[in-house]
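**Student:** Before I ask anything, let me first share the structure, which is written out below as structure tokens.
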Amino acid sequence: MSSFPTIRMRRLRRTTGLRRLVAETHLHPSQFIWPLFIKPGGEATPIPLMPGVSQHPVKAAGDLARRAADLGFGGVLLFGLPDTKDDRGSAAWDNQGVVQAAVREMKRAAPDVVVVTDVCLCEYTGHGHCGVLNGDTVDNDATLELLAKTAVSHAEAGADIVAPSDMMDGRVAAIRHGLDDEGLGDTVILSYAAKYASAFYGPFREAAGSAPQFGDRRAYQMDPRNGDEAMKEIAMDLDEGADLIMVKPGMPCLDIISRAKDQFGGPIVAYQVSGEYSMIKFAAEKGALDGSRAMWEAATALSRAGADIIITYAAPELVGQQ
Ligand code: PBG
Ligand code: ZN
């Protein structure tokens with residue numbers, strides 16, 4: 001290879017047209033999954049820790065689905081804020097529950113929109129942990145059937161994809177069997193396979209009302225110090241029947257996304273989580289950076305690292321940016 005001054009790297013950076021021509025990474029709305037917080041009634045409530053994001057009532061679900069369709073999004077991801085919580089999180093598998101109702105509304109309003117539902121118990125348990133408790137610890141095996149019941153009820157309501165985010169061992173297999181036993185063999189499982197115990201979920205806990213009332217999630221979510229372990233988690237979830245696997249959070253895990261893509265191929269889903277979103281928003285509000293450029297750059301980095309699909313609260317504002 002020849003070198004400077006024969007080669008000048010700046011030649012291809014000179015104009016918008018040249019830069020676009022040689023761009024290696026392109027964000028398209030069909031890659032975006034838009035997360036939405038659904039509550040039973042009332043009006044949309046802005047989430048102070050997530051500027052630009054609101055909790056929406058079930059009655060708005062149809063409009064949200066049409067908006068997602070108009071923007072050309074790959075899908076939406078639903079989180080439920082139930083009316084009532086209990087020790088076991090029983091509102092999670094209530095056929096008349098908030099997510100189930102929203103799914104039905106959305107599929108009625110815009111049947112082609114891919115509806116993904118988050119499957120976990122932390123929004124539904126009074127203690128805020130992702131499974132049922134045995135003393136102070138989350139009981140892995142006792143949680144599995146509840147997750148499977150929840151996934152089945154989402155799928156019966158019409159969800160295209162169920163996405164378990166609890167990090168119990170064996171949940172993908174339990175959910176796959178639960179779905180198959182109910183004749184829901186076509187329901188896709190998107191596993192939060194490599195999900196870290198991350199400080200970047202902070203704003204989400206306000207948005208979804210799901211903060212643990214004691215302790216933290218480090219006994220079930222992954223230790224941020226580990227990378228090899230993420231490859232093992234992904235391999236196991238694929239083996240148990242996951243159709244799609246996710247890495248979460250996004251920007252702190254670019255290495256994990258890249259390794260996952262190399263080792264397993266696509267599609268890899270990356271989640272730009274609440275804290276990643278909010279830190280850009282708040283920094284922009286303070287004038288520290290250009291928020292829309294920073295959001296685009298962050299999403300582009302996920303794509304460049306190997307993410308085929310990106311879950312992001314910024315999906316609407318990313319459309320058309322390059
Ligand atoms: C529930 C769940 C969480 C997120 C997605 N599903 C919170 C958590 O695990 O504590 C985080 C999403 C975000 O921060 O945007 N298990
Ligand atoms: Zn949870």
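In the structure tokens, chains take the letters A, B, ... in the order shown, each chain's residues start at 1, and ligands count up from 1 in the order shown.
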Kindly work out which residues sit at most 6 Å from ligand 1, using only C-alpha atoms and all ligand atoms, and give the list as a PDB file with N, CA and C atoms, in the first residue's frame.
**Tutor:**
ATOM      1  N   CYS A 120     -41.122  -9.597  32.419  1.00  0.00           N
ATOM      2  CA  CYS A 120     -40.411  -9.577  33.694  1.00  0.00           C
ATOM      3  C   CYS A 120     -41.448  -9.338  34.791  1.00  0.00           C
ATOM      4  N   SER A 165     -36.582 -10.279  30.344  1.00  0.00           N
ATOM      5  CA  SER A 165     -35.493  -9.402  30.799  1.00  0.00           C
ATOM      6  C   SER A 165     -35.083  -9.679  32.236  1.00  0.00           C
ATOM      7  N   ASP A 166     -35.533 -10.809  32.772  1.00  0.00           N
ATOM      8  CA  ASP A 166     -35.371 -11.093  34.201  1.00  0.00           C
ATOM      9  C   ASP A 166     -34.008 -11.657  34.589  1.00  0.00           C
ATOM     10  N   TYR A 201     -29.559   1.996  34.162  1.00  0.00           N
ATOM     11  CA  TYR A 201     -31.012   1.767  34.152  1.00  0.00           C
ATOM     12  C   TYR A 201     -31.745   2.728  35.085  1.00  0.00           C
ATOM     13  N   PHE A 204     -35.073   4.500  34.071  1.00  0.00           N
ATOM     14  CA  PHE A 204     -36.122   3.514  33.775  1.00  0.00           C
ATOM     15  C   PHE A 204     -36.923   3.161  35.020  1.00  0.00           C
ATOM     16  N   VAL A 273     -30.111   2.123  26.670  1.00  0.00           N
ATOM     17  CA  VAL A 273     -31.019   2.153  27.818  1.00  0.00           C
ATOM     18  C   VAL A 273     -31.287   3.579  28.298  1.00  0.00           C
ATOM     19  N   SER A 274     -32.191   3.659  29.285  1.00  0.00           N
ATOM     20  CA  SER A 274     -32.671   4.952  29.778  1.00  0.00           C
ATOM     21  C   SER A 274     -31.544   5.907  30.164  1.00  0.00           C
TER      22      SER A 274
END
**Student:** I need the residues of segment 143-273 of chain A that end up classed as alpha helix (DSSP H) by DSSP on the backbone, written out as a ChimeraX atom specification.
**Tutor:** /A:143-157,171-181,202-208,228-240,254-264
**Student:** Write out as JSON, numbers by chain each polymer residue (protein, DNA or RNA) that has an atom no more than 8 Å from ligand 2, with only C-alpha atoms and all ligand atoms counted.
**Tutor:** {"A": [119, 120, 121, 122, 123, 128, 129, 130, 131, 165, 166, 210]}
**Student:** If you keep N, CA, C and O atoms, can you produce a file of those selected residues as a PDB file, in the first residue's frame?
**Tutor:**
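Final output, saved to part16.pdb:
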ATOM      1  N   VAL A 119     -40.937  -9.169  29.152  1.00  0.00           N
ATOM      2  CA  VAL A 119     -41.460 -10.160  30.102  1.00  0.00           C
ATOM      3  C   VAL A 119     -40.579 -10.140  31.344  1.00  0.00           C
ATOM      4  O   VAL A 119     -39.418 -10.547  31.305  1.00  0.00           O
ATOM      5  N   CYS A 120     -41.122  -9.597  32.419  1.00  0.00           N
ATOM      6  CA  CYS A 120     -40.411  -9.577  33.694  1.00  0.00           C
ATOM      7  C   CYS A 120     -41.448  -9.338  34.791  1.00  0.00           C
ATOM      8  O   CYS A 120     -42.574  -8.955  34.495  1.00  0.00           O
ATOM      9  N   LEU A 121     -41.043  -9.543  36.031  1.00  0.00           N
ATOM     10  CA  LEU A 121     -42.003  -9.355  37.121  1.00  0.00           C
ATOM     11  C   LEU A 121     -41.765  -8.066  37.908  1.00  0.00           C
ATOM     12  O   LEU A 121     -42.610  -7.675  38.712  1.00  0.00           O
ATOM     13  N   CYS A 122     -40.634  -7.369  37.671  1.00  0.00           N
ATOM     14  CA  CYS A 122     -40.267  -6.272  38.581  1.00  0.00           C
ATOM     15  C   CYS A 122     -41.255  -5.104  38.565  1.00  0.00           C
ATOM     16  O   CYS A 122     -41.376  -4.394  39.558  1.00  0.00           O
ATOM     17  N   GLU A 123     -41.962  -4.896  37.463  1.00  0.00           N
ATOM     18  CA  GLU A 123     -42.968  -3.832  37.459  1.00  0.00           C
ATOM     19  C   GLU A 123     -44.236  -4.253  38.213  1.00  0.00           C
ATOM     20  O   GLU A 123     -45.092  -3.427  38.475  1.00  0.00           O
ATOM     21  N   GLY A 128     -40.336  -5.223  43.965  1.00  0.00           N
ATOM     22  CA  GLY A 128     -39.583  -4.673  42.832  1.00  0.00           C
ATOM     23  C   GLY A 128     -38.486  -5.568  42.273  1.00  0.00           C
ATOM     24  O   GLY A 128     -37.731  -5.138  41.395  1.00  0.00           O
ATOM     25  N   HIS A 129     -38.400  -6.819  42.742  1.00  0.00           N
ATOM     26  CA  HIS A 129     -37.417  -7.721  42.141  1.00  0.00           C
ATOM     27  C   HIS A 129     -38.035  -8.433  40.938  1.00  0.00           C
ATOM     28  O   HIS A 129     -39.258  -8.461  40.764  1.00  0.00           O
ATOM     29  N   CYS A 130     -37.142  -9.010  40.128  1.00  0.00           N
ATOM     30  CA  CYS A 130     -37.572  -9.566  38.844  1.00  0.00           C
ATOM     31  C   CYS A 130     -38.152 -10.976  38.947  1.00  0.00           C
ATOM     32  O   CYS A 130     -38.485 -11.589  37.926  1.00  0.00           O
ATOM     33  N   GLY A 131     -38.255 -11.502  40.170  1.00  0.00           N
ATOM     34  CA  GLY A 131     -38.827 -12.828  40.359  1.00  0.00           C
ATOM     35  C   GLY A 131     -39.421 -12.936  41.742  1.00  0.00           C
ATOM     36  O   GLY A 131     -39.438 -11.953  42.494  1.00  0.00           O
ATOM     37  N   SER A 165     -36.582 -10.279  30.344  1.00  0.00           N
ATOM     38  CA  SER A 165     -35.493  -9.402  30.799  1.00  0.00           C
ATOM     39  C   SER A 165     -35.083  -9.679  32.236  1.00  0.00           C
ATOM     40  O   SER A 165     -34.366  -8.894  32.841  1.00  0.00           O
ATOM     41  N   ASP A 166     -35.533 -10.809  32.772  1.00  0.00           N
ATOM     42  CA  ASP A 166     -35.371 -11.093  34.201  1.00  0.00           C
ATOM     43  C   ASP A 166     -34.008 -11.657  34.589  1.00  0.00           C
ATOM     44  O   ASP A 166     -33.608 -11.573  35.730  1.00  0.00           O
ATOM     45  N   SER A 210     -40.195   0.464  38.954  1.00  0.00           N
ATOM     46  CA  SER A 210     -39.751  -0.912  39.176  1.00  0.00           C
ATOM     47  C   SER A 210     -38.480  -1.004  40.016  1.00  0.00           C
ATOM     48  O   SER A 210     -37.764  -2.000  39.936  1.00  0.00           O
TER      49      SER A 210
END
**Student:** Can you pull out every residue within 12 Å of segment 48-55 of chain A, counting only C-alpha atoms, but drop anything in the same chain fewer than 6 positions away, and send it as a ChimeraX atom specification?
**Tutor:** /A:34-42,61,64,78-82,201-209,273-285,291,312-317
**Student:** Write out as a short mmCIF file (atom, residue, chain, number, x, y, z; two decimals) with N, CA and C atoms, in the first residue's frame the residues lying within 9 Å of Gly241 of chain A, counting only C-alpha atoms and excluding same-chain residues fewer than 6 positions away.
**Tutor:**
data_model
loop_
_atom_site.label_atom_id
_atom_site.label_comp_id
_atom_site.auth_asym_id
_atom_site.auth_seq_id
_atom_site.Cartn_x
_atom_site.Cartn_y
_atom_site.Cartn_z
N VAL A 172 -35.52 -19.05 29.03
CA VAL A 172 -35.86 -19.15 27.60
C VAL A 172 -36.51 -20.50 27.31
N ALA A 173 -35.91 -21.56 27.85
CA ALA A 173 -36.49 -22.89 27.65
C ALA A 173 -37.89 -22.97 28.26
N ARG A 176 -40.24 -21.06 26.01
CA ARG A 176 -40.45 -21.78 24.74
C ARG A 176 -41.43 -22.94 24.94
N ILE A 189 -39.04 -15.41 20.46
CA ILE A 189 -38.41 -15.03 21.74
C ILE A 189 -37.16 -14.20 21.47
#
**Student:** Mind checking which residues fall within 12 Å of Asp136 of chain A, counting only C-alpha atoms, ignoring those fewer than 5 positions away in the same chain, and posting them as a PyMOL selection string?
**Tutor:** chain A and resi 127+129+131+212-217+219
**Student:** Under the rule that only C-alpha atoms are counted, which of A:Arg14, A:Arg293, A:Lys149, A:Arg66 is the nearest residue to Val114 of chain A?
**Tutor:** A:Arg66
**Student:** Can you pull out every residue within 10 Å of segment 254-263 of chain A, counting only C-alpha atoms, but drop anything in the same chain fewer than 6 positions away, and send it as a list in words?
**Tutor:**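 Skipping anything fewer than 6 positions along the chain leaves Ala194, Asn226, Gly227, Asp228, Ala230, Met231, Ile234, Ala235, Ile245, Met246, Val247, Lys248, Val269, Ala270, Ala301, Leu302, Ser303, Arg304, Ala305, Gly306, Ala307 and Asp308 of chain A.
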**Student:** For the selection you just gave me, I'd like the residues written to a file as an mmCIF file, in the first residue's frame, keeping C-alpha atoms.
**Tutor:**
data_model
loop_
_atom_site.group_PDB
_atom_site.id
_atom_site.type_symbol
_atom_site.label_atom_id
_atom_site.label_comp_id
_atom_site.auth_asym_id
_atom_site.auth_seq_id
_atom_site.Cartn_x
_atom_site.Cartn_y
_atom_site.Cartn_z
ATOM 1 C CA ALA A 194 -26.281 -10.471 28.035
ATOM 2 C CA ASN A 226 -17.178 -9.930 32.631
ATOM 3 C CA GLY A 227 -17.131 -10.452 28.876
ATOM 4 C CA ASP A 228 -16.525 -14.167 28.360
ATOM 5 C CA ALA A 230 -21.718 -12.851 28.135
ATOM 6 C CA MET A 231 -20.723 -15.212 25.318
ATOM 7 C CA ILE A 234 -25.808 -15.943 24.661
ATOM 8 C CA ALA A 235 -24.792 -19.477 23.665
ATOM 9 C CA ILE A 245 -30.495 -12.161 21.422
ATOM 10 C CA MET A 246 -29.855 -8.796 23.021
ATOM 11 C CA VAL A 247 -26.924 -7.030 24.610
ATOM 12 C CA LYS A 248 -27.813 -4.439 27.256
ATOM 13 C CA VAL A 269 -30.117 -6.506 19.225
ATOM 14 C CA ALA A 270 -28.589 -3.685 21.301
ATOM 15 C CA ALA A 301 -21.737 3.410 17.209
ATOM 16 C CA LEU A 302 -24.057 0.566 18.242
ATOM 17 C CA SER A 303 -24.666 -0.248 14.592
ATOM 18 C CA ARG A 304 -20.965 -0.036 13.693
ATOM 19 C CA ALA A 305 -20.104 -2.338 16.600
ATOM 20 C CA GLY A 306 -22.398 -4.990 15.118
ATOM 21 C CA ALA A 307 -25.932 -4.297 16.306
ATOM 22 C CA ASP A 308 -28.471 -5.129 13.588
#
**Student:** Apply DSSP to the structure's backbone, then extract all residues of segment 39-283 of chain A labelled strand (DSSP E) and return them as a ChimeraX atom specification.
**Tutor:** /A:39,45-46,54-57,75-80,115-119,133-134,137-138,161-164,188-195,244-248,268-272
**Student:** Can you pull out the residues contacting segment 85-89 of chain A? Cut-off 6 Å, using only C-alpha atoms, and skip same-chain residues under 6 positions away; I want them as a list in words.
**Tutor:**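 Selected residues are Leu121, Tyr124, Thr125, Gly126 and Val132 of chain A.
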**Student:** Can you measure atom CA of Gly74 of chain A to atom CA of Leu289 of chain A for me? One decimal in Å is fine.
**Tutor:**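 Between these atoms lies a distance of 28.5 Å.
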**Student:** For Arg218 of chain A, which of A:Cys253, A:Leu146, A:Leu71, A:Val138 is the closest residue, counting only C-alpha atoms?
**Tutor:**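 Smallest distance to Arg218 of chain A is found for A:Val138.
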**Student:** What is the atom CA of Pro57 of chain A-atom CA of Gly158 of chain A distance in Å, reported with one decimal?
**Tutor:** 18.5 Å
**Student:** Can you measure atom CA of Gln322 of chain A to atom CA of Ile310 of chain A for me? One decimal in Å is fine.
**Tutor:** 15.8 Å
